[in-house]
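> File work13.cif follows (mmCIF, C-alpha atoms):
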```
data_model
loop_
_atom_site.label_atom_id
_atom_site.label_comp_id
_atom_site.auth_asym_id
_atom_site.auth_seq_id
_atom_site.Cartn_x
_atom_site.Cartn_y
_atom_site.Cartn_z
CA MET A 1 -18.25 -23.35 15.08
CA SER A 2 -14.70 -23.53 16.45
CA LEU A 3 -12.30 -23.36 13.52
CA LYS A 4 -8.64 -24.30 13.45
CA LEU A 5 -6.70 -22.52 10.72
CA SER A 6 -3.50 -23.02 8.78
CA VAL A 7 -1.65 -20.36 6.80
CA ILE A 8 0.70 -21.60 4.09
CA GLY A 9 3.47 -19.11 3.48
CA THR A 10 4.76 -16.85 6.24
CA GLY A 11 6.07 -13.95 4.22
CA TYR A 12 4.62 -10.49 4.57
CA LEU A 13 1.02 -11.52 3.82
CA GLY A 14 1.00 -14.88 5.58
CA ALA A 15 2.77 -13.90 8.79
CA VAL A 16 0.49 -10.91 9.36
CA HIS A 17 -2.65 -12.86 8.41
CA ALA A 18 -1.81 -15.76 10.72
CA THR A 19 -0.93 -13.51 13.66
CA ALA A 20 -3.99 -11.29 13.23
CA LEU A 21 -6.36 -14.28 13.12
CA ALA A 22 -4.76 -15.68 16.26
CA SER A 23 -5.32 -12.31 17.95
CA VAL A 24 -9.10 -12.66 17.56
CA GLY A 25 -9.13 -16.11 19.13
CA PHE A 26 -8.41 -18.71 16.44
CA GLU A 27 -5.82 -21.46 16.75
CA VAL A 28 -3.46 -20.88 13.82
CA VAL A 29 -0.56 -22.84 12.34
CA GLY A 30 1.84 -21.00 10.02
CA ILE A 31 3.77 -23.17 7.56
CA ASP A 32 6.81 -22.25 5.48
CA GLN A 33 9.66 -24.15 3.85
CA ASP A 34 12.11 -21.36 4.67
CA LEU A 35 13.58 -22.60 7.96
CA ASN A 36 15.30 -19.31 8.74
CA LYS A 37 11.99 -17.50 8.45
CA ILE A 38 10.27 -20.06 10.67
CA LYS A 39 12.99 -19.85 13.34
CA SER A 40 12.76 -16.08 13.31
CA LEU A 41 8.98 -16.09 13.75
CA GLN A 42 9.14 -18.77 16.44
CA SER A 43 11.53 -16.47 18.32
CA GLY A 44 9.11 -13.56 18.02
CA ILE A 45 11.28 -11.71 15.52
CA ALA A 46 9.57 -10.57 12.33
CA PRO A 47 11.64 -11.12 9.15
CA PHE A 48 10.44 -7.72 7.86
CA TYR A 49 9.59 -4.31 9.25
CA GLU A 50 5.92 -3.54 9.76
CA PRO A 51 4.53 -1.10 12.36
CA GLU A 52 2.61 -2.79 15.24
CA PHE A 53 3.43 -6.29 14.03
CA ASP A 54 6.29 -7.21 16.39
CA GLU A 55 4.19 -6.54 19.47
CA LEU A 56 1.25 -8.52 18.10
CA LEU A 57 3.49 -11.44 17.15
CA GLU A 58 5.03 -11.67 20.62
CA GLU A 59 1.60 -11.49 22.25
CA GLU A 60 0.11 -14.29 20.16
CA LEU A 61 3.12 -16.57 20.59
CA ARG A 62 2.70 -16.18 24.35
CA SER A 63 -0.99 -17.02 24.03
CA GLN A 64 -0.02 -20.34 22.37
CA ARG A 65 -2.80 -19.85 19.83
CA LEU A 66 -0.14 -19.27 17.17
CA VAL A 67 2.58 -21.72 16.16
CA PHE A 68 4.97 -21.85 13.21
CA GLY A 69 6.61 -24.84 11.56
CA SER A 70 7.76 -26.39 8.29
CA ASN A 71 6.05 -29.78 8.51
CA TYR A 72 2.71 -30.06 6.72
CA GLN A 73 1.60 -32.69 9.22
CA LEU A 74 0.97 -29.76 11.56
CA ILE A 75 -2.06 -28.75 9.49
CA GLU A 76 -3.83 -32.11 9.40
CA ASN A 77 -6.37 -31.14 12.08
CA CYS A 78 -7.14 -27.71 10.58
CA ASP A 79 -10.52 -26.81 9.11
CA VAL A 80 -9.48 -23.95 6.86
CA HIS A 81 -6.20 -23.54 4.97
CA PHE A 82 -5.09 -20.17 3.60
CA ILE A 83 -2.62 -20.08 0.70
CA CYS A 84 -0.55 -16.93 1.26
CA VAL A 85 2.58 -17.62 -0.76
CA GLY A 86 4.22 -15.21 -3.17
CA THR A 87 3.51 -14.94 -6.88
CA PRO A 88 6.59 -13.08 -8.13
CA GLN A 89 7.17 -12.05 -11.70
CA LYS A 90 8.77 -14.77 -13.81
CA GLU A 91 12.31 -14.23 -15.00
CA ASN A 92 12.38 -12.89 -18.58
CA SER A 93 8.59 -12.68 -18.62
CA ASN A 94 5.78 -10.44 -17.38
CA SER A 95 3.70 -13.42 -16.26
CA ALA A 96 3.22 -14.44 -12.62
CA ASN A 97 5.26 -17.34 -11.29
CA LEU A 98 2.69 -19.71 -9.75
CA GLU A 99 5.23 -22.31 -8.64
CA PHE A 100 4.74 -21.57 -4.93
CA VAL A 101 0.95 -21.60 -5.20
CA GLU A 102 0.93 -24.90 -7.06
CA ASN A 103 3.42 -26.55 -4.69
CA SER A 104 1.41 -25.45 -1.66
CA PHE A 105 -1.82 -26.63 -3.24
CA THR A 106 -0.35 -30.06 -4.04
CA LYS A 107 0.80 -30.51 -0.45
CA LEU A 108 -2.56 -29.41 0.89
CA LEU A 109 -4.28 -32.05 -1.25
CA LYS A 110 -2.09 -34.62 0.46
CA HIS A 111 -2.40 -33.42 4.07
CA ALA A 112 -5.73 -31.57 4.41
CA LYS A 113 -8.33 -33.43 6.46
CA LYS A 114 -11.62 -34.57 4.94
CA ASP A 115 -14.11 -31.83 4.02
CA SER A 116 -11.79 -28.94 4.89
CA LEU A 117 -11.73 -25.67 2.97
CA ILE A 118 -8.77 -24.30 1.03
CA VAL A 119 -8.79 -20.52 0.64
CA GLY A 120 -6.47 -18.75 -1.77
CA LYS A 121 -5.25 -15.30 -0.76
CA SER A 122 -2.26 -15.05 -3.09
CA THR A 123 -2.67 -12.70 -6.04
CA VAL A 124 -3.05 -14.92 -9.11
CA PRO A 125 -4.08 -14.54 -12.77
CA VAL A 126 -7.80 -14.92 -13.31
CA GLY A 127 -8.64 -18.55 -14.12
CA THR A 128 -6.13 -20.01 -11.66
CA ALA A 129 -8.77 -21.02 -9.09
CA ASN A 130 -10.88 -22.72 -11.75
CA ARG A 131 -7.86 -24.73 -12.91
CA LEU A 132 -6.98 -25.73 -9.35
CA THR A 133 -10.59 -26.78 -8.73
CA LYS A 134 -10.40 -29.20 -11.64
CA LEU A 135 -7.15 -30.65 -10.28
CA MET A 136 -8.70 -31.04 -6.85
CA ALA A 137 -11.72 -32.87 -8.26
CA GLN A 138 -9.44 -35.60 -9.61
CA THR A 139 -7.85 -36.56 -6.27
CA ARG A 140 -9.67 -34.84 -3.40
CA PRO A 141 -13.30 -34.19 -4.37
CA ASP A 142 -14.15 -33.91 -0.66
CA LEU A 143 -12.28 -30.60 -0.40
CA LYS A 144 -13.55 -27.18 -1.44
CA LEU A 145 -11.68 -24.18 -2.83
CA SER A 146 -12.52 -20.50 -2.34
CA TRP A 147 -10.65 -17.30 -3.11
CA ASN A 148 -10.29 -14.41 -0.68
CA PRO A 149 -8.00 -11.69 -2.10
CA GLU A 150 -5.80 -9.62 0.21
CA PHE A 151 -5.75 -5.84 0.22
CA LEU A 152 -2.79 -5.13 2.50
CA ARG A 153 -0.97 -1.82 2.35
CA GLU A 154 2.60 -2.05 3.56
CA GLY A 155 2.93 0.08 6.65
CA PHE A 156 -0.73 -0.59 7.54
CA ALA A 157 -0.87 -4.38 7.27
CA VAL A 158 -2.10 -5.08 10.80
CA GLU A 159 -4.82 -2.45 10.48
CA ASP A 160 -5.84 -3.72 7.05
CA THR A 161 -6.08 -7.32 8.30
CA LEU A 162 -8.04 -6.62 11.47
CA ARG A 163 -10.11 -3.73 10.10
CA PRO A 164 -10.22 -4.05 6.30
CA THR A 165 -12.23 -1.79 4.04
CA ARG A 166 -14.03 -4.84 2.62
CA ILE A 167 -13.89 -8.63 2.54
CA VAL A 168 -14.33 -10.38 -0.79
CA VAL A 169 -14.85 -14.14 -0.97
CA GLY A 170 -15.21 -16.15 -4.16
CA VAL A 171 -17.08 -19.36 -3.32
CA GLN A 172 -18.56 -22.36 -5.10
CA ASP A 173 -21.13 -23.49 -2.52
CA LYS A 174 -23.13 -22.23 0.47
CA LYS A 175 -21.15 -24.26 3.00
CA SER A 176 -17.92 -22.51 2.04
CA GLU A 177 -19.66 -19.16 2.35
CA GLU A 178 -20.97 -20.09 5.82
CA ILE A 179 -17.48 -21.11 6.98
CA LEU A 180 -15.99 -17.83 5.77
CA ARG A 181 -18.80 -15.82 7.36
CA THR A 182 -18.05 -17.57 10.64
CA LEU A 183 -14.34 -16.93 10.27
CA TYR A 184 -14.82 -13.23 9.53
CA LYS A 185 -17.68 -12.71 11.99
CA PHE A 186 -15.57 -10.29 14.01
CA ASN A 187 -15.30 -8.07 10.92
CA ILE A 188 -18.90 -8.49 9.79
CA ASP A 189 -20.17 -7.56 13.26
CA ASP A 190 -18.16 -4.34 12.95
CA GLY A 191 -20.07 -3.45 9.79
CA ILE A 192 -17.31 -4.24 7.31
CA PRO A 193 -18.80 -5.09 3.89
CA PHE A 194 -18.71 -8.81 3.09
CA LEU A 195 -18.99 -9.44 -0.66
CA VAL A 196 -19.69 -12.92 -2.04
CA THR A 197 -18.68 -13.55 -5.66
CA ASP A 198 -17.67 -16.32 -8.01
CA LEU A 199 -14.03 -17.43 -8.15
CA ALA A 200 -13.08 -15.44 -11.25
CA THR A 201 -14.46 -12.17 -9.89
CA ALA A 202 -12.64 -12.64 -6.59
CA GLU A 203 -9.37 -13.17 -8.46
CA LEU A 204 -10.01 -10.06 -10.57
CA VAL A 205 -10.76 -7.72 -7.66
CA LYS A 206 -7.11 -7.33 -6.56
CA ALA A 207 -5.83 -6.95 -10.13
CA ALA A 208 -8.54 -4.42 -10.97
CA ALA A 209 -7.98 -2.43 -7.77
CA ASN A 210 -4.22 -2.24 -8.32
CA SER A 211 -4.74 -1.23 -11.94
CA PHE A 212 -7.07 1.59 -10.92
CA LEU A 213 -4.60 2.89 -8.34
CA ALA A 214 -1.82 2.71 -10.92
CA THR A 215 -4.06 4.62 -13.33
CA LYS A 216 -4.45 7.54 -10.93
CA ILE A 217 -0.72 7.69 -10.18
CA SER A 218 0.22 7.40 -13.85
CA PHE A 219 -2.36 9.99 -14.88
CA ILE A 220 -1.07 12.65 -12.51
CA ASN A 221 2.51 11.93 -13.56
CA THR A 222 1.59 12.55 -17.19
CA MET A 223 -0.05 15.81 -16.05
CA SER A 224 3.18 16.76 -14.26
CA GLU A 225 5.03 16.59 -17.57
CA ILE A 226 2.51 18.93 -19.17
CA CYS A 227 2.79 21.28 -16.19
CA GLU A 228 6.57 21.39 -16.52
CA ALA A 229 6.28 22.12 -20.24
CA THR A 230 3.74 24.93 -19.76
CA GLY A 231 4.55 26.47 -16.38
CA GLY A 232 1.62 24.88 -14.59
CA ASN A 233 1.64 23.51 -11.05
CA VAL A 234 0.68 19.85 -10.74
CA GLN A 235 -0.06 20.10 -7.00
CA GLN A 236 -2.63 22.82 -7.56
CA LEU A 237 -4.00 20.88 -10.51
CA ALA A 238 -4.31 17.69 -8.43
CA LYS A 239 -6.13 19.52 -5.66
CA ALA A 240 -8.55 21.12 -8.09
CA ILE A 241 -9.52 17.90 -9.84
CA GLY A 242 -9.37 15.85 -6.62
CA LEU A 243 -12.14 17.95 -5.07
CA ASP A 244 -14.47 16.42 -7.63
CA PRO A 245 -16.02 13.54 -5.62
CA ARG A 246 -16.03 11.40 -8.75
CA ILE A 247 -12.22 11.61 -8.82
CA GLY A 248 -11.05 12.07 -5.23
CA GLU A 249 -7.73 13.41 -3.93
CA LYS A 250 -6.02 10.13 -2.99
CA PHE A 251 -3.25 8.78 -5.21
CA LEU A 252 -2.95 12.07 -7.09
CA GLY A 253 0.54 12.86 -5.85
CA ALA A 254 2.93 13.38 -8.74
CA GLY A 255 6.43 12.03 -8.30
CA ILE A 256 8.79 9.24 -9.26
CA GLY A 257 6.06 6.62 -9.47
CA PHE A 258 5.06 3.47 -7.64
CA GLY A 259 7.10 0.43 -6.67
CA GLY A 260 7.02 -2.46 -4.21
CA GLY A 261 6.44 -6.15 -4.47
CA CYS A 262 2.82 -5.93 -5.65
CA LEU A 263 1.74 -3.06 -7.87
CA PRO A 264 4.37 -3.26 -10.66
CA LYS A 265 4.43 -7.06 -11.01
CA ASP A 266 0.63 -7.34 -10.65
CA ILE A 267 0.09 -4.80 -13.45
CA ARG A 268 2.46 -6.76 -15.69
CA ALA A 269 0.86 -10.11 -14.84
CA PHE A 270 -2.60 -8.67 -15.53
CA ALA A 271 -1.42 -7.36 -18.90
CA ASN A 272 0.11 -10.75 -19.69
CA ARG A 273 -3.11 -12.56 -18.78
CA SER A 274 -5.13 -10.14 -20.89
CA GLU A 275 -2.91 -10.95 -23.85
CA GLU A 276 -3.43 -14.68 -23.24
CA LEU A 277 -7.19 -14.10 -23.29
CA GLY A 278 -6.90 -12.13 -26.53
CA ILE A 279 -8.08 -8.88 -24.92
CA THR A 280 -5.48 -6.69 -26.58
CA ASN A 281 -6.87 -3.26 -25.65
CA THR A 282 -6.66 -4.06 -21.94
CA ALA A 283 -3.14 -5.41 -22.36
CA LYS A 284 -2.04 -2.27 -24.24
CA TYR A 285 -3.59 -0.03 -21.60
CA LEU A 286 -1.88 -1.84 -18.71
CA ASN A 287 1.45 -1.86 -20.52
CA ILE A 288 1.17 1.91 -20.99
CA LEU A 289 0.65 2.34 -17.23
CA ASP A 290 3.78 0.30 -16.61
CA GLN A 291 5.79 2.36 -19.10
CA ILE A 292 4.58 5.69 -17.64
CA ASN A 293 5.76 4.50 -14.25
CA ILE A 294 9.19 3.59 -15.59
CA ASP A 295 9.38 6.92 -17.44
CA ALA A 296 8.71 8.82 -14.19
CA ARG A 297 11.99 7.49 -12.80
CA ASN A 298 13.91 8.06 -16.03
CA ASN A 299 12.61 11.62 -16.38
CA PHE A 300 13.78 12.42 -12.86
CA VAL A 301 17.28 11.19 -13.69
CA LYS A 302 17.27 13.21 -16.92
CA LYS A 303 16.41 16.37 -14.99
CA ILE A 304 19.35 15.83 -12.63
CA LYS A 305 21.71 15.15 -15.53
CA ILE A 306 20.60 18.35 -17.26
CA GLU A 307 21.23 20.40 -14.11
CA PHE A 308 24.73 18.90 -13.90
CA ALA A 309 25.35 19.40 -17.64
CA ASP A 310 25.79 15.61 -17.93
CA ASP A 311 28.83 15.79 -15.67
CA LEU A 312 28.11 13.58 -12.64
CA LYS A 313 31.51 11.95 -12.44
CA SER A 314 32.74 11.66 -8.82
CA LYS A 315 30.09 14.09 -7.57
CA LYS A 316 28.53 13.03 -4.29
CA ILE A 317 24.75 12.71 -4.45
CA ALA A 318 22.75 12.35 -1.22
CA VAL A 319 19.71 10.07 -1.57
CA LEU A 320 17.09 10.23 1.16
CA GLY A 321 15.14 6.98 1.04
CA ALA A 322 15.63 3.44 -0.16
CA ALA A 323 12.32 1.72 0.62
CA PHE A 324 9.64 1.96 -2.05
CA LYS A 325 7.40 3.72 0.48
CA PRO A 326 7.67 4.99 4.08
CA ASN A 327 6.97 2.72 7.08
CA SER A 328 8.43 -0.25 5.23
CA ASP A 329 11.79 -1.94 4.68
CA ASP A 330 10.69 -3.30 1.29
CA VAL A 331 13.01 -2.33 -1.56
CA ARG A 332 11.46 -4.46 -4.29
CA ASP A 333 11.11 -2.39 -7.46
CA SER A 334 12.01 0.69 -5.42
CA PRO A 335 11.97 3.88 -7.54
CA ALA A 336 14.46 5.43 -5.10
CA LEU A 337 17.06 2.71 -5.56
CA GLU A 338 16.51 2.53 -9.31
CA ILE A 339 17.24 6.25 -9.57
CA ALA A 340 20.26 5.92 -7.26
CA SER A 341 21.59 3.06 -9.37
CA GLN A 342 21.20 5.00 -12.61
CA LEU A 343 23.07 7.98 -11.19
CA SER A 344 25.83 5.69 -9.96
CA ALA A 345 26.12 4.23 -13.46
CA PHE A 346 26.64 7.79 -14.77
CA GLY A 347 29.63 8.19 -12.45
CA ALA A 348 28.08 9.83 -9.38
CA GLU A 349 29.20 8.88 -5.89
CA VAL A 350 25.78 7.99 -4.47
CA TRP A 351 25.15 7.85 -0.72
CA VAL A 352 21.84 6.46 0.54
CA HIS A 353 20.03 6.85 3.87
CA ASP A 354 16.86 5.11 5.04
CA PRO A 355 15.50 4.54 8.57
CA LYS A 356 14.60 0.87 8.01
CA ALA A 357 15.59 -0.44 4.57
CA LEU A 358 19.39 -0.15 4.44
CA ALA A 359 20.07 -3.86 5.02
CA ASN A 360 17.74 -4.89 2.20
CA ALA A 361 19.05 -2.12 -0.06
CA LYS A 362 22.66 -3.28 0.42
CA LEU A 363 21.71 -6.79 -0.67
CA LYS A 364 20.00 -5.53 -3.83
CA TYR A 365 22.41 -2.72 -4.78
CA PRO A 366 25.75 -3.56 -3.11
CA THR A 367 27.80 -1.04 -5.12
CA LEU A 368 26.05 2.03 -3.67
CA ASN A 369 27.24 3.74 -0.49
CA TYR A 370 25.04 3.58 2.61
CA SER A 371 24.92 5.25 6.00
CA ASP A 372 22.46 5.35 8.89
CA SER A 373 23.59 8.93 9.56
CA ILE A 374 21.78 11.65 7.63
CA THR A 375 24.66 13.99 8.41
CA GLU A 376 27.20 11.69 6.79
CA VAL A 377 25.03 11.30 3.69
CA LEU A 378 24.55 15.05 3.29
CA GLU A 379 28.13 16.16 4.00
CA ASP A 380 29.91 17.56 0.92
CA SER A 381 27.09 16.48 -1.42
CA PHE A 382 26.35 18.32 -4.65
CA ALA A 383 22.61 17.56 -4.51
CA ILE A 384 20.00 16.11 -2.17
CA LEU A 385 17.41 13.75 -3.63
CA HIS A 386 14.25 13.22 -1.56
CA LEU A 387 12.92 9.90 -2.86
CA THR A 388 10.99 8.18 -0.04
CA GLU A 389 8.62 10.35 2.00
CA TRP A 390 9.63 9.37 5.53
CA ASN A 391 8.41 12.01 8.00
CA GLN A 392 11.91 12.63 9.33
CA TYR A 393 13.07 13.88 5.92
CA GLN A 394 10.28 16.43 5.82
CA GLU A 395 11.44 17.67 9.23
CA ILE A 396 15.02 18.41 8.08
CA ASP A 397 15.99 22.02 8.68
CA PRO A 398 17.13 23.37 5.28
CA ASN A 399 19.39 25.92 7.02
CA TRP A 400 21.17 23.12 8.90
CA ALA A 401 21.43 21.03 5.72
CA GLY A 402 22.84 24.01 3.81
CA LYS A 403 25.86 24.12 6.11
CA LEU A 404 26.76 20.51 5.28
CA VAL A 405 26.59 20.42 1.50
CA LYS A 406 28.84 21.73 -1.26
CA ASN A 407 26.01 22.71 -3.57
CA MET A 408 22.49 23.75 -2.48
CA TRP A 409 20.33 21.78 -4.89
CA VAL A 410 17.41 19.69 -3.69
CA PHE A 411 15.38 17.45 -6.00
CA ASP A 412 12.08 16.47 -4.41
CA GLY A 413 10.91 13.27 -6.06
CA ARG A 414 7.82 13.09 -3.85
CA ASN A 415 6.80 16.78 -3.70
CA LYS A 416 6.60 16.51 0.09
CA LEU A 417 9.27 18.94 1.26
CA ASP A 418 8.21 22.48 2.16
CA ARG A 419 9.26 24.24 -1.03
CA THR A 420 8.97 27.72 0.51
CA ASP A 421 11.24 26.83 3.43
CA TRP A 422 13.95 25.38 1.20
CA LEU A 423 13.86 28.31 -1.22
CA SER A 424 13.96 30.79 1.67
CA ALA A 425 17.07 29.06 3.00
CA GLY A 426 18.83 29.68 -0.32
CA TRP A 427 18.33 26.31 -1.96
CA LYS A 428 17.54 25.68 -5.58
CA TYR A 429 14.47 23.49 -5.33
CA TRP A 430 13.05 21.25 -8.05
CA GLY A 431 9.90 19.19 -7.62
CA VAL A 432 7.92 17.07 -10.06
CA GLY A 433 5.57 19.22 -12.11
CA ILE A 434 5.87 22.33 -9.92
#
```
Could you render the structure from this file as structure tokens?


Amino acid sequence: MSLKLSVIGTGYLGAVHATALASVGFEVVGIDQDLNKIKSLQSGIAPFYEPEFDELLEEELRSQRLVFGSNYQLIENCDVHFICVGTPQKENSNSANLEFVENSFTKLLKHAKKDSLIVGKSTVPVGTANRLTKLMAQTRPDLKLSWNPEFLREGFAVEDTLRPTRIVVGVQDKKSEEILRTLYKFNIDDGIPFLVTDLATAELVKAAANSFLATKISFINTMSEICEATGGNVQQLAKAIGLDPRIGEKFLGAGIGFGGGCLPKDIRAFANRSEELGITNTAKYLNILDQINIDARNNFVKKIKIEFADDLKSKKIAVLGAAFKPNSDDVRDSPALEIASQLSAFGAEVWVHDPKALANAKLKYPTLNYSDSITEVLEDSFAILHLTEWNQYQEIDPNWAGKLVKNMWVFDGRNKLDRTDWLSAGWKYWGVGI
């Protein structure tokens, strides 16, 4: 079966998904209403930073298997349509904004050819697919809807698309399952698990996975507070409990918490949906995770204020990192920038460095100071804050850095710097829970 595919939404998820599917031989059309984004992609320039993606994009544009446009008429000959638009948090609410999903779905009902398959990849509240199915039955009963959640990690998006840990498809009939098996044959042949579920379960998988990851991060951050209060070491604690195969070592790094465009807003949307369903214990639990994550940032700021005796006025603070994680230029809900902003509000002169995210950071926090020179950021600073664990920050020579600063304090918000090296060089080092 030769399938032609469309991908609606060419943001982070959609652009990578479309390009990756083209790279395994499919003809793919990427659609977006943002003309600047479309022009950028058509020119082979990604509107975001993602390792390996630029090269793949250029290659697939040359192959002519991949095209981008804004006109939905381009998708009228496609067999499968992926909805990959954003579901941001609503303003003044914890619920997910489904405006982009619903608009895309409405246009697909108008332009999709007879008997084609619509596949949702956007992260939505459970029950969304069932509601859309009922709408579809009223005007386009010939179409089918499935749900295929995404599990992309920023910084590893190409790898996660081409070689995912699992593929989950929520389907309503055998034909839809057969189409998706054909589409993902290249993964199935590689032994990647292919799980077939109902629509609701498929929607829940992403929310449940994110909640579990948030649980591990939040748990170890609560342990870091106990370690600080009692003289324990959270890194040693994490290693000891992580060696238990029932627990595992991943996501047990204490620090300033998680951020990004997915985890925080997905946790809040899941809590909101739980409340709507009347499942109050789940909602309370998820809200606690969210609060622990916020507290991790606030506690870090409190520690700095205590060290400065609440006198931050006009003191230069060097912040290493703006992106919410390394290998990304994404600053959405960035713990690093939230901490930098709080310190600025307390009167500090905050200078921020990041290898990739400075342009996005300036748009979100224009009042902070930025430089692409680590030297300039460190010079005459009263403290260094390590807030995004880029490899180049871990390679900084503490002896070299000590010659630039006014005050040798380093606050490691990710517990990734070599504590022994910094202490040996004469620095006062403070990590989270150690």

> For stretch 36-44 of chain A, I'd like the enclosing box, axis-aligned and padded by 3 Å on every side, reported as lines of an AutoDock Vina configuration file with centre and edge lengths in Å to one decimal.


```
center_x = 12.1
center_y = -16.8
center_z = 13.4
size_x = 12.3
size_y = 12.5
size_z = 15.9
```

> In Å to one decimal, how far is atom CA of A:Ala157 from atom CA of A:Ser104?

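Separation of atom CA of A:Ser104 and atom CA of A:Ala157: 23.0 Å.
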
> Would you translate the PyMOL selection byres ((chain A and resi 142) around 10) into the concrete set of residues it matches in this file, as a ChimeraX atom specification?

/A:113-117,136-137,139-141,143-144

> Would you mind listing what lies within 9 Å of stretch 371-377 of chain A as number ranges by chain, with all atoms listed in the file counted and same-chain residues fewer than 5 positions away left out?

A: 316-320, 350-355, 358, 401, 404

> As number ranges by chain, please: the residues near A:Tyr429 (cut-off 7 Å, only C-alpha atoms, same-chain neighbours under 6 positions excluded).

A: 409-411, 419, 422-423

> Please identify all polymer residues within 7 Å of A:Lys315, counting only C-alpha atoms, omitting same-chain residues fewer than 5 positions from it, and present them as a list in words.

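Result of the neighbour search: Ala348, Glu349 and Phe382 of chain A.
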
> Work out how far atom CA of A:Asn187 is from atom CA of A:Lys174, in Å to one decimal.

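Calculated distance between atom CA of A:Lys174 and atom CA of A:Asn187 is 19.3 Å.
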
> Do you know which residues are at most 10 Å from A:Tyr72 counting all atoms listed in the file, after dropping those on the same chain fewer than 4 positions away, and could you put them as a compact mmCIF listing (two decimals) with C-alpha atoms, keeping the file's coordinate frame?


```
# COMPACT_ATOMS: atom_id res chain seq x y z
CA SER A 6 -3.50 -23.02 8.78
CA ILE A 8 0.70 -21.60 4.09
CA VAL A 29 -0.56 -22.84 12.34
CA GLY A 30 1.84 -21.00 10.02
CA ILE A 31 3.77 -23.17 7.56
CA ASP A 32 6.81 -22.25 5.48
CA GLN A 33 9.66 -24.15 3.85
CA GLU A 76 -3.83 -32.11 9.40
CA SER A 104 1.41 -25.45 -1.66
CA LYS A 107 0.80 -30.51 -0.45
CA LEU A 108 -2.56 -29.41 0.89
CA LYS A 110 -2.09 -34.62 0.46
CA HIS A 111 -2.40 -33.42 4.07
CA ALA A 112 -5.73 -31.57 4.41
```

> Excluding A:Arg131 and its own-chain neighbours fewer than 4 positions away, which residues fall within 12 Å of it when counting all atoms listed in the file? Please give them as a PyMOL selection string.

chain A and resi 102+105+124-127+135-138+145+199-200

> Here's the selection I'm unsure about, the PyMOL selection byres ((chain A and resi 26) around 7); applied to the file above, which residues does it give, as a list in words?

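Checking the PyMOL selection byres ((chain A and resi 26) around 7) against this file, the residues are Leu3, Lys4, Leu21, Ala22, Val24, Gly25, Glu27, Val28 and Arg65 of chain A.
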
> So, counting only C-alpha atoms, which residue among A:Glu154, A:Leu385, A:Gln394, A:Ser341 is closest to A:Leu368?

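Looking only at the distances to A:Leu368, the closest residue turns out to be A:Ser341.
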
> Could you give me, as a Markdown table, a per-residue list for stretch 319-417 of chain A showing, wherever an atom lies at most 12 Å from an atom of stretch 209-225 of chain A, the closest pair of atoms and their distance in Å to one decimal, using all atoms listed in the file and sorting by chain then residue number from low to high?


```
| residue | atom | partner | partner_atom | distance |
| --- | --- | --- | --- | --- |
| A:Gly413 | CA | A:Asn221 | CA | 11.3 |
| A:Arg414 | CA | A:Asn221 | CA | 11.1 |
| A:Asn415 | CA | A:Ser224 | CA | 11.2 |
```

> For atom CA of A:Thr10 and atom CA of A:Pro88, quote the distance in Å rounded to one decimal.

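Taking atom CA of A:Thr10 and atom CA of A:Pro88, their separation equals 15.0 Å.
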
> Please evaluate the PyMOL selection byres ((chain A and resi 322) around 9) against the structure above and give the resulting residues as a PyMOL selection string.

chain A and resi 319-321+323-325+329-331+334-337+340+352-358+360-361+387-388

> Considering all atoms listed in the file, can you say which of A:Gly255, A:Glu395, A:Arg166, A:Thr201 comes closest to A:Phe300?

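Going through A:Gly255, A:Glu395, A:Arg166, A:Thr201 one by one, the smallest distance to A:Phe300 is for A:Gly255.
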
> Compare A:Leu109, A:Leu152, A:Ala129, A:Val196 by their minimum atom-to-atom distance to A:Cys262, counting only C-alpha atoms, and give me the closest one.

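Closest candidate: A:Leu152.
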